[in-house]
file my_file_16.tsv (TSV, C-alpha atoms and all ligand atoms)
chain	number	residue	atom	x	y	z
A	25	MET	CA	53.89	120.49	158.86
A	26	PRO	CA	55.48	117.28	157.42
A	27	MET	CA	59.17	117.29	156.54
A	28	ILE	CA	58.75	116.76	152.78
A	29	TYR	CA	57.61	120.38	152.36
A	30	LYS	CA	60.89	121.64	153.66
A	31	THR	CA	62.90	123.58	151.07
A	32	PHE	CA	65.88	121.64	149.77
A	33	LYS	CA	69.11	123.17	150.98
A	34	PRO	CA	72.30	121.68	149.57
A	35	THR	CA	74.73	120.71	152.28
A	36	THR	CA	78.49	120.77	151.81
A	37	SER	CA	78.53	116.99	151.31
A	38	THR	CA	75.87	117.01	148.52
A	39	VAL	CA	77.83	119.72	146.69
A	40	GLN	CA	81.04	117.71	147.02
A	41	PHE	CA	79.26	114.59	145.82
A	42	ALA	CA	77.89	116.42	142.76
A	43	ALA	CA	81.33	117.82	141.94
A	44	LEU	CA	82.87	114.35	142.23
A	45	SER	CA	80.18	112.86	139.99
A	46	PHE	CA	80.85	115.47	137.32
A	47	ALA	CA	84.57	114.84	137.52
A	48	PHE	CA	84.02	111.09	137.21
A	49	ALA	CA	81.68	111.55	134.24
A	50	GLY	CA	84.36	113.73	132.65
A	51	VAL	CA	86.97	111.01	133.03
A	52	LEU	CA	84.58	108.47	131.50
A	53	ALA	CA	83.73	110.78	128.61
A	54	SER	CA	87.35	111.55	127.78
A	55	ALA	CA	88.21	107.85	127.97
A	56	ALA	CA	85.38	107.14	125.53
A	57	LEU	CA	86.61	109.89	123.17
A	58	TRP	CA	90.24	108.92	123.40
A	59	ARG	CA	89.73	105.26	122.61
A	60	PRO	CA	88.49	105.25	119.00
A	61	ALA	CA	91.27	107.68	118.00
A	62	SER	CA	94.00	105.37	119.25
A	63	VAL	CA	92.34	102.32	117.70
A	64	SER	CA	92.09	103.97	114.27
A	65	ALA	CA	95.69	105.17	114.53
A	66	GLN	CA	96.74	101.56	114.96
A	67	ALA	CA	94.53	100.46	112.06
A	68	GLU	CA	96.17	102.97	109.67
A	69	PRO	CA	99.49	101.44	108.66
A	70	ALA	CA	101.89	103.54	106.55
A	71	PRO	CA	101.95	102.79	102.79
A	72	ASN	CA	105.55	101.50	102.97
A	73	THR	CA	104.69	98.60	105.29
A	74	THR	CA	103.61	95.02	104.61
A	75	ALA	CA	100.68	95.73	106.97
A	76	TYR	CA	99.42	98.35	104.52
A	77	TYR	CA	99.46	95.72	101.79
A	78	THR	CA	97.77	92.97	103.80
A	79	GLN	CA	95.20	95.22	105.49
A	80	LYS	CA	94.38	97.70	102.76
A	81	VAL	CA	95.66	96.73	99.30
A	82	GLN	CA	95.23	92.96	99.25
A	83	PRO	CA	91.49	93.05	100.15
A	84	ILE	CA	90.91	95.34	97.13
A	85	LEU	CA	92.80	93.01	94.79
A	86	GLN	CA	91.11	89.98	96.32
A	87	GLU	CA	87.67	91.39	95.78
A	88	ASN	CA	88.20	92.85	92.32
A	89	CYS	CA	91.00	90.95	90.60
A	90	TYR	CA	91.59	87.46	92.03
A	91	ARG	CA	88.73	85.84	90.14
A	92	CYS	CA	90.62	86.45	86.89
A	93	HIS	CA	94.19	86.79	88.18
A	94	GLY	CA	94.27	84.43	91.17
A	95	GLY	CA	94.59	80.71	91.82
A	96	VAL	CA	94.38	78.82	88.51
A	97	ASN	CA	93.28	81.98	86.69
A	98	HIS	CA	95.93	84.14	85.11
A	99	ARG	CA	94.28	86.20	82.41
A	100	GLY	CA	96.78	88.17	80.41
A	101	GLY	CA	99.43	85.87	81.89
A	102	LEU	CA	99.20	87.77	85.17
A	103	HIS	CA	99.00	86.36	88.71
A	104	ILE	CA	97.94	89.03	91.21
A	105	ASP	CA	97.70	86.78	94.29
A	106	SER	CA	101.45	86.41	94.91
A	107	LYS	CA	104.45	88.70	95.17
A	108	ALA	CA	106.26	86.68	92.50
A	109	GLY	CA	103.30	87.01	90.13
A	110	LEU	CA	102.86	90.72	90.70
A	111	LEU	CA	106.56	91.39	90.14
A	112	LYS	CA	106.82	89.11	87.10
A	113	GLY	CA	103.96	90.83	85.29
A	114	GLY	CA	101.92	89.54	82.35
A	115	HIS	CA	102.04	89.14	78.57
A	116	ASP	CA	102.94	92.82	78.22
A	117	GLY	CA	105.80	92.67	80.70
A	118	ALA	CA	106.10	94.32	84.10
A	119	VAL	CA	102.87	95.65	85.56
A	120	LEU	CA	104.45	97.26	88.63
A	121	VAL	CA	107.34	99.71	88.81
A	122	PRO	CA	107.84	100.01	92.58
A	123	GLY	CA	108.09	103.71	93.49
A	124	SER	CA	106.54	104.94	90.26
A	125	ALA	CA	102.77	104.80	89.91
A	126	GLU	CA	102.95	106.71	86.58
A	127	ASN	CA	105.03	103.96	85.00
A	128	SER	CA	103.07	101.06	86.42
A	129	LEU	CA	100.75	99.40	83.89
A	130	LEU	CA	98.58	98.07	86.72
A	131	ILE	CA	97.87	101.61	87.94
A	132	LYS	CA	97.20	102.90	84.42
A	133	LEU	CA	94.72	100.10	83.83
A	134	ILE	CA	92.80	100.52	87.12
A	135	ARG	CA	92.61	104.29	86.45
A	136	HIS	CA	91.25	103.41	83.02
A	137	GLU	CA	94.03	105.57	81.57
A	138	GLY	CA	95.72	102.83	79.60
A	139	PRO	CA	94.93	101.48	76.12
A	140	ALA	CA	91.31	100.76	75.20
A	141	ASN	CA	92.29	97.16	74.56
A	142	ASP	CA	95.22	94.77	74.77
A	143	PRO	CA	95.45	95.30	77.62
A	144	MET	CA	92.13	96.87	78.36
A	145	PRO	CA	91.05	98.82	81.46
A	146	MET	CA	90.85	96.72	84.64
A	147	PRO	CA	88.58	95.29	85.87
A	148	PRO	CA	87.31	94.94	82.29
A	149	LYS	CA	83.66	95.83	82.91
A	150	SER	CA	83.80	98.13	85.92
A	151	LYS	CA	85.99	100.61	87.74
A	152	ILE	CA	87.05	100.34	91.37
A	153	SER	CA	86.33	103.33	93.63
A	154	ASP	CA	88.57	106.42	93.62
A	155	ALA	CA	89.44	105.66	97.26
A	156	ASP	CA	90.57	102.14	96.32
A	157	ILE	CA	92.58	103.46	93.36
A	158	ALA	CA	94.25	105.97	95.73
A	159	THR	CA	95.11	103.18	98.18
A	160	VAL	CA	96.72	100.98	95.51
A	161	THR	CA	98.52	104.01	94.02
A	162	ALA	CA	99.95	105.06	97.42
A	163	TRP	CA	101.22	101.51	97.89
A	164	VAL	CA	103.04	101.44	94.53
A	165	LYS	CA	104.50	104.92	95.16
A	166	ALA	CA	105.82	103.76	98.54
A	167	GLY	CA	107.67	100.86	96.85
A	168	ALA	CA	105.00	98.14	96.45
A	169	ILE	CA	106.12	96.47	99.69
A	170	MET	CA	104.46	93.10	100.32
A	171	PRO	CA	105.15	89.90	102.22
A	172	GLU	CA	106.69	86.92	100.38
B	201	LIG	C1	86.75	89.50	84.41
B	201	LIG	C2	88.15	89.14	84.45
B	201	LIG	C3	89.15	90.13	84.93
B	201	LIG	C4	89.15	90.86	86.10
B	201	LIG	C5	88.07	90.88	87.19
B	201	LIG	C6	90.39	91.60	86.14
B	201	LIG	N1	91.12	91.34	85.01
B	201	LIG	FE1	92.97	92.07	84.57
B	201	LIG	N2	92.95	91.08	82.78
B	201	LIG	C7	91.92	90.29	82.32
B	201	LIG	C8	92.21	89.87	80.95
B	201	LIG	C9	91.32	89.02	80.07
B	201	LIG	C10	93.48	90.44	80.62
B	201	LIG	C11	94.23	90.37	79.32
B	201	LIG	C12	93.73	91.55	78.54
B	201	LIG	C13	94.48	91.87	77.32
B	201	LIG	O1	95.60	91.37	77.15
B	201	LIG	O2	93.93	92.65	76.54
B	201	LIG	C14	93.91	91.19	81.80
B	201	LIG	C15	95.08	91.88	81.86
B	201	LIG	C16	95.50	92.61	82.95
B	201	LIG	C17	96.73	93.33	83.04
B	201	LIG	C18	97.78	93.41	81.93
B	201	LIG	C19	98.65	92.20	81.92
B	201	LIG	C20	99.55	92.23	80.72
B	201	LIG	O3	100.76	92.09	80.87
B	201	LIG	O4	99.01	92.44	79.62
B	201	LIG	C21	96.79	93.93	84.25
B	201	LIG	C22	97.90	94.81	84.82
B	201	LIG	C23	95.57	93.59	84.93
B	201	LIG	N3	94.81	92.78	84.14
B	201	LIG	C24	95.24	94.01	86.20
B	201	LIG	C25	94.02	93.76	86.81
B	201	LIG	C26	93.68	94.29	88.10
B	201	LIG	C27	94.59	95.14	88.97
B	201	LIG	C28	92.41	93.87	88.36
B	201	LIG	C29	91.56	94.21	89.56
B	201	LIG	C30	91.42	95.59	89.89
B	201	LIG	C31	91.99	93.06	87.24
B	201	LIG	N4	93.00	93.02	86.32
B	201	LIG	C32	90.76	92.45	87.16
B	201	LIG	C33	90.78	89.94	83.01
B	201	LIG	C34	90.40	90.45	84.24
call {"tool": "encode", "arguments": {"input": "my_file_16.tsv", "output": "structure tokens", "more": "lines below"}}
Ligand code: HEC
result
Amino acid sequence: MPMIYKTFKPTTSTVQFAALSFAFAGVLASAALWRPASVSAQAEPAPNTTAYYTQKVQPILQENCYRCHGGVNHRGGLHIDSKAGLLKGGHDGAVLVPGSAENSLLIKLIRHEGPANDPMPMPPKSKISDADIATVTAWVKAGAIMPE
């Protein structure tokens, strides 16, 4: 009778090898699970940091506001692409009250809770997402911290 018909009987060394393989796979799996969590923790700066502004707030303003309030454009007398411009405000005065979202004209306008016109809701013909509004609001509440 040829050997291949012999019943497989695990030896001590095959059992040990299997146990080791499982342990190794476990280490790999937990490393894979652990990684994304730590990366996203690093990518979530607190609202009272300049990193929050540059990583989360500025991209929203850039995408939705700069074409009318950035560079040579300053509709309503308002520059949104610099700290000086944001703190100076526009034709109606201050647009940001650091620490108070309720009293900030910029927040009222992006929530479309301000006047119907002069100044009108911002952006004029659309509304940014609730998540983006929440991000900008959290930033103002935390003191509207931004780099020079
Ligand atoms: C399509 C052009 C356009 C875009 C895009 C736009 N705005 Fe405006 N914005 C205006 C105009 C025009 C005014 C002046 C409106 C008025 O006085 O009635 C204005 C006025 C304002 C004012 C009031 C300034 C003042 O003192 O009266 C604020 C605050 C403002 N915009 C914020 C924003 C924000 C924040 C965004 C992006 C989320 C944005 N705007 C996007 C055109 C734009």
call {"tool": "closest_residue", "arguments": {"input": "my_file_16.tsv", "among": "A:Leu102, A:Val121, A:Leu111, A:Ala155", "to": "Pro143 in chain A", "atoms": "only C-alpha atoms"}}
result
A:Leu102
call {"tool": "residues_around", "arguments": {"input": "my_file_16.tsv", "residues": "Ser150 in chain A", "least_positions_apart": "5", "cutoff": "12 Å", "atoms": "all atoms listed in the file", "output": "PDB file with C-alpha atoms, in the coordinates of the input"}}
result
ATOM      1  CA  ASN A  88      88.200  92.850  92.320  1.00  0.00           C
ATOM      2  CA  CYS A  89      91.000  90.950  90.600  1.00  0.00           C
ATOM      3  CA  LEU A 133      94.720 100.100  83.830  1.00  0.00           C
ATOM      4  CA  ILE A 134      92.800 100.520  87.120  1.00  0.00           C
ATOM      5  CA  ARG A 135      92.610 104.290  86.450  1.00  0.00           C
ATOM      6  CA  HIS A 136      91.250 103.410  83.020  1.00  0.00           C
ATOM      7  CA  MET A 144      92.130  96.870  78.360  1.00  0.00           C
ATOM      8  CA  PRO A 145      91.050  98.820  81.460  1.00  0.00           C
TER       9      PRO A 145
END
call {"tool": "closest_residue", "arguments": {"input": "my_file_16.tsv", "among": "A:Asp154, A:Asp142, A:Glu68, A:Glu126", "to": "ligand LIG 201 (chain B)", "atoms": "all atoms listed in the file"}}
result
A:Asp142
call {"tool": "atom_distance", "arguments": {"input": "my_file_16.tsv", "atom1": "CA of Leu110 in chain A", "atom2": "CA of Val96 in chain A"}}
result
14.8 Å
call {"tool": "closest_residue", "arguments": {"input": "my_file_16.tsv", "among": "A:Ala158, A:Ala75, A:Met146, A:Ala140", "to": "ligand LIG 201 (chain B)", "atoms": "all atoms listed in the file"}}
result
A:Met146
call {"tool": "residues_near_ligand", "arguments": {"input": "my_file_16.tsv", "ligand": "ligand LIG 201 (chain B)", "cutoff": "7 Å", "atoms": "only C-alpha atoms and all ligand atoms", "output": "PyMOL selection string"}}
result
chain A and resi 85+88-93+99-102+113-119+129-130+133-134+141-144+146-148+152
call {"tool": "write_last_selection", "arguments": {"input": "my_file_16.tsv", "atoms": "C-alpha atoms", "output": "tab-separated table (two decimals), keeping the file's coordinate frame"}}
result
chain	number	residue	atom	x	y	z
A	85	LEU	CA	92.80	93.01	94.79
A	88	ASN	CA	88.20	92.85	92.32
A	89	CYS	CA	91.00	90.95	90.60
A	90	TYR	CA	91.59	87.46	92.03
A	91	ARG	CA	88.73	85.84	90.14
A	92	CYS	CA	90.62	86.45	86.89
A	93	HIS	CA	94.19	86.79	88.18
A	99	ARG	CA	94.28	86.20	82.41
A	100	GLY	CA	96.78	88.17	80.41
A	101	GLY	CA	99.43	85.87	81.89
A	102	LEU	CA	99.20	87.77	85.17
A	113	GLY	CA	103.96	90.83	85.29
A	114	GLY	CA	101.92	89.54	82.35
A	115	HIS	CA	102.04	89.14	78.57
A	116	ASP	CA	102.94	92.82	78.22
A	117	GLY	CA	105.80	92.67	80.70
A	118	ALA	CA	106.10	94.32	84.10
A	119	VAL	CA	102.87	95.65	85.56
A	129	LEU	CA	100.75	99.40	83.89
A	130	LEU	CA	98.58	98.07	86.72
A	133	LEU	CA	94.72	100.10	83.83
A	134	ILE	CA	92.80	100.52	87.12
A	141	ASN	CA	92.29	97.16	74.56
A	142	ASP	CA	95.22	94.77	74.77
A	143	PRO	CA	95.45	95.30	77.62
A	144	MET	CA	92.13	96.87	78.36
A	146	MET	CA	90.85	96.72	84.64
A	147	PRO	CA	88.58	95.29	85.87
A	148	PRO	CA	87.31	94.94	82.29
A	152	ILE	CA	87.05	100.34	91.37
call {"tool": "closest_residue", "arguments": {"input": "my_file_16.tsv", "among": "A:Gln86, A:Thr78, A:Asn72, A:Ser106", "to": "Thr161 in chain A", "atoms": "all atoms listed in the file"}}
result
A:Asn72
call {"tool": "atom_distance", "arguments": {"input": "my_file_16.tsv", "atom1": "CA of Ser128 in chain A", "atom2": "CA of Ile157 in chain A"}}
result
12.8 Å
call {"tool": "atom_distance", "arguments": {"input": "my_file_16.tsv", "atom1": "CA of Lys80 in chain A", "atom2": "CA of Lys132 in chain A"}}
result
19.3 Å
call {"tool": "residues_around", "arguments": {"input": "my_file_16.tsv", "residues": "Val81 in chain A", "least_positions_apart": "5", "cutoff": "7 Å", "atoms": "all atoms listed in the file", "output": "MDAnalysis selection string"}}
result
chainID A and resid 76 159:160
call {"tool": "closest_residue", "arguments": {"input": "my_file_16.tsv", "among": "A:Ile84, A:Leu120, A:Ala70, A:Ala108", "to": "Val164 in chain A", "atoms": "all atoms listed in the file"}}
result
A:Leu120
call {"tool": "closest_residue", "arguments": {"input": "my_file_16.tsv", "among": "A:Lys165, A:Lys151, A:Met170, A:Gln79", "to": "Asn127 in chain A", "atoms": "all atoms listed in the file"}}
result
A:Lys165
call {"tool": "build_atoms", "arguments": {"input": "my_file_16.tsv", "residues": "range 83-108 of chain A", "atoms": "N, CA and C atoms", "output": "short mmCIF file (atom, residue, chain, number, x, y, z; two decimals), in the coordinates of the input"}}
result
data_model
loop_
_atom_site.label_atom_id
_atom_site.label_comp_id
_atom_site.auth_asym_id
_atom_site.auth_seq_id
_atom_site.Cartn_x
_atom_site.Cartn_y
_atom_site.Cartn_z
N PRO A 83 92.95 93.25 100.22
CA PRO A 83 91.49 93.05 100.15
C PRO A 83 90.88 93.63 98.87
N ILE A 84 91.43 94.73 98.37
CA ILE A 84 90.91 95.34 97.13
C ILE A 84 91.18 94.41 95.95
N LEU A 85 92.42 93.90 95.90
CA LEU A 85 92.80 93.01 94.79
C LEU A 85 92.00 91.70 94.86
N GLN A 86 91.85 91.22 96.10
CA GLN A 86 91.11 89.98 96.32
C GLN A 86 89.69 90.09 95.79
N GLU A 87 89.07 91.20 96.14
CA GLU A 87 87.67 91.39 95.78
C GLU A 87 87.48 91.66 94.29
N ASN A 88 88.42 92.38 93.69
CA ASN A 88 88.20 92.85 92.32
C ASN A 88 89.02 92.17 91.24
N CYS A 89 90.07 91.45 91.61
CA CYS A 89 91.00 90.95 90.60
C CYS A 89 91.25 89.44 90.67
N TYR A 90 91.18 88.86 91.87
CA TYR A 90 91.59 87.46 92.03
C TYR A 90 90.78 86.50 91.16
N ARG A 91 89.51 86.82 90.89
CA ARG A 91 88.73 85.84 90.14
C ARG A 91 89.27 85.65 88.72
N CYS A 92 90.01 86.60 88.21
CA CYS A 92 90.62 86.45 86.89
C CYS A 92 92.14 86.34 86.95
N HIS A 93 92.73 86.78 88.06
CA HIS A 93 94.19 86.79 88.18
C HIS A 93 94.66 86.08 89.44
N GLY A 94 93.87 85.13 89.95
CA GLY A 94 94.27 84.43 91.17
C GLY A 94 94.06 82.94 91.03
N GLY A 95 94.73 82.16 91.87
CA GLY A 95 94.59 80.71 91.82
C GLY A 95 94.97 80.17 90.46
N VAL A 96 94.06 79.40 89.82
CA VAL A 96 94.38 78.82 88.51
C VAL A 96 94.14 79.83 87.39
N ASN A 97 93.57 80.98 87.73
CA ASN A 97 93.28 81.98 86.69
C ASN A 97 94.41 82.99 86.55
N HIS A 98 94.89 83.14 85.34
CA HIS A 98 95.93 84.14 85.11
C HIS A 98 95.71 84.79 83.75
N ARG A 99 94.59 85.49 83.66
CA ARG A 99 94.28 86.20 82.41
C ARG A 99 95.41 87.17 82.09
N GLY A 100 95.70 87.28 80.83
CA GLY A 100 96.78 88.17 80.41
C GLY A 100 98.13 87.69 80.91
N GLY A 101 98.18 86.43 81.39
CA GLY A 101 99.43 85.87 81.89
C GLY A 101 99.82 86.43 83.25
N LEU A 102 98.86 87.06 83.93
CA LEU A 102 99.20 87.77 85.17
C LEU A 102 98.57 87.13 86.42
N HIS A 103 99.44 86.82 87.39
CA HIS A 103 99.00 86.36 88.71
C HIS A 103 99.08 87.55 89.66
N ILE A 104 97.95 87.89 90.30
CA ILE A 104 97.94 89.03 91.21
C ILE A 104 97.98 88.58 92.67
N ASP A 105 97.81 87.26 92.90
CA ASP A 105 97.70 86.78 94.29
C ASP A 105 99.03 86.37 94.91
N SER A 106 100.15 86.69 94.26
CA SER A 106 101.45 86.41 94.91
C SER A 106 102.43 87.52 94.55
N LYS A 107 103.42 87.70 95.41
CA LYS A 107 104.45 88.70 95.17
C LYS A 107 105.18 88.38 93.87
N ALA A 108 105.54 87.09 93.70
CA ALA A 108 106.26 86.68 92.50
C ALA A 108 105.47 87.04 91.25
#
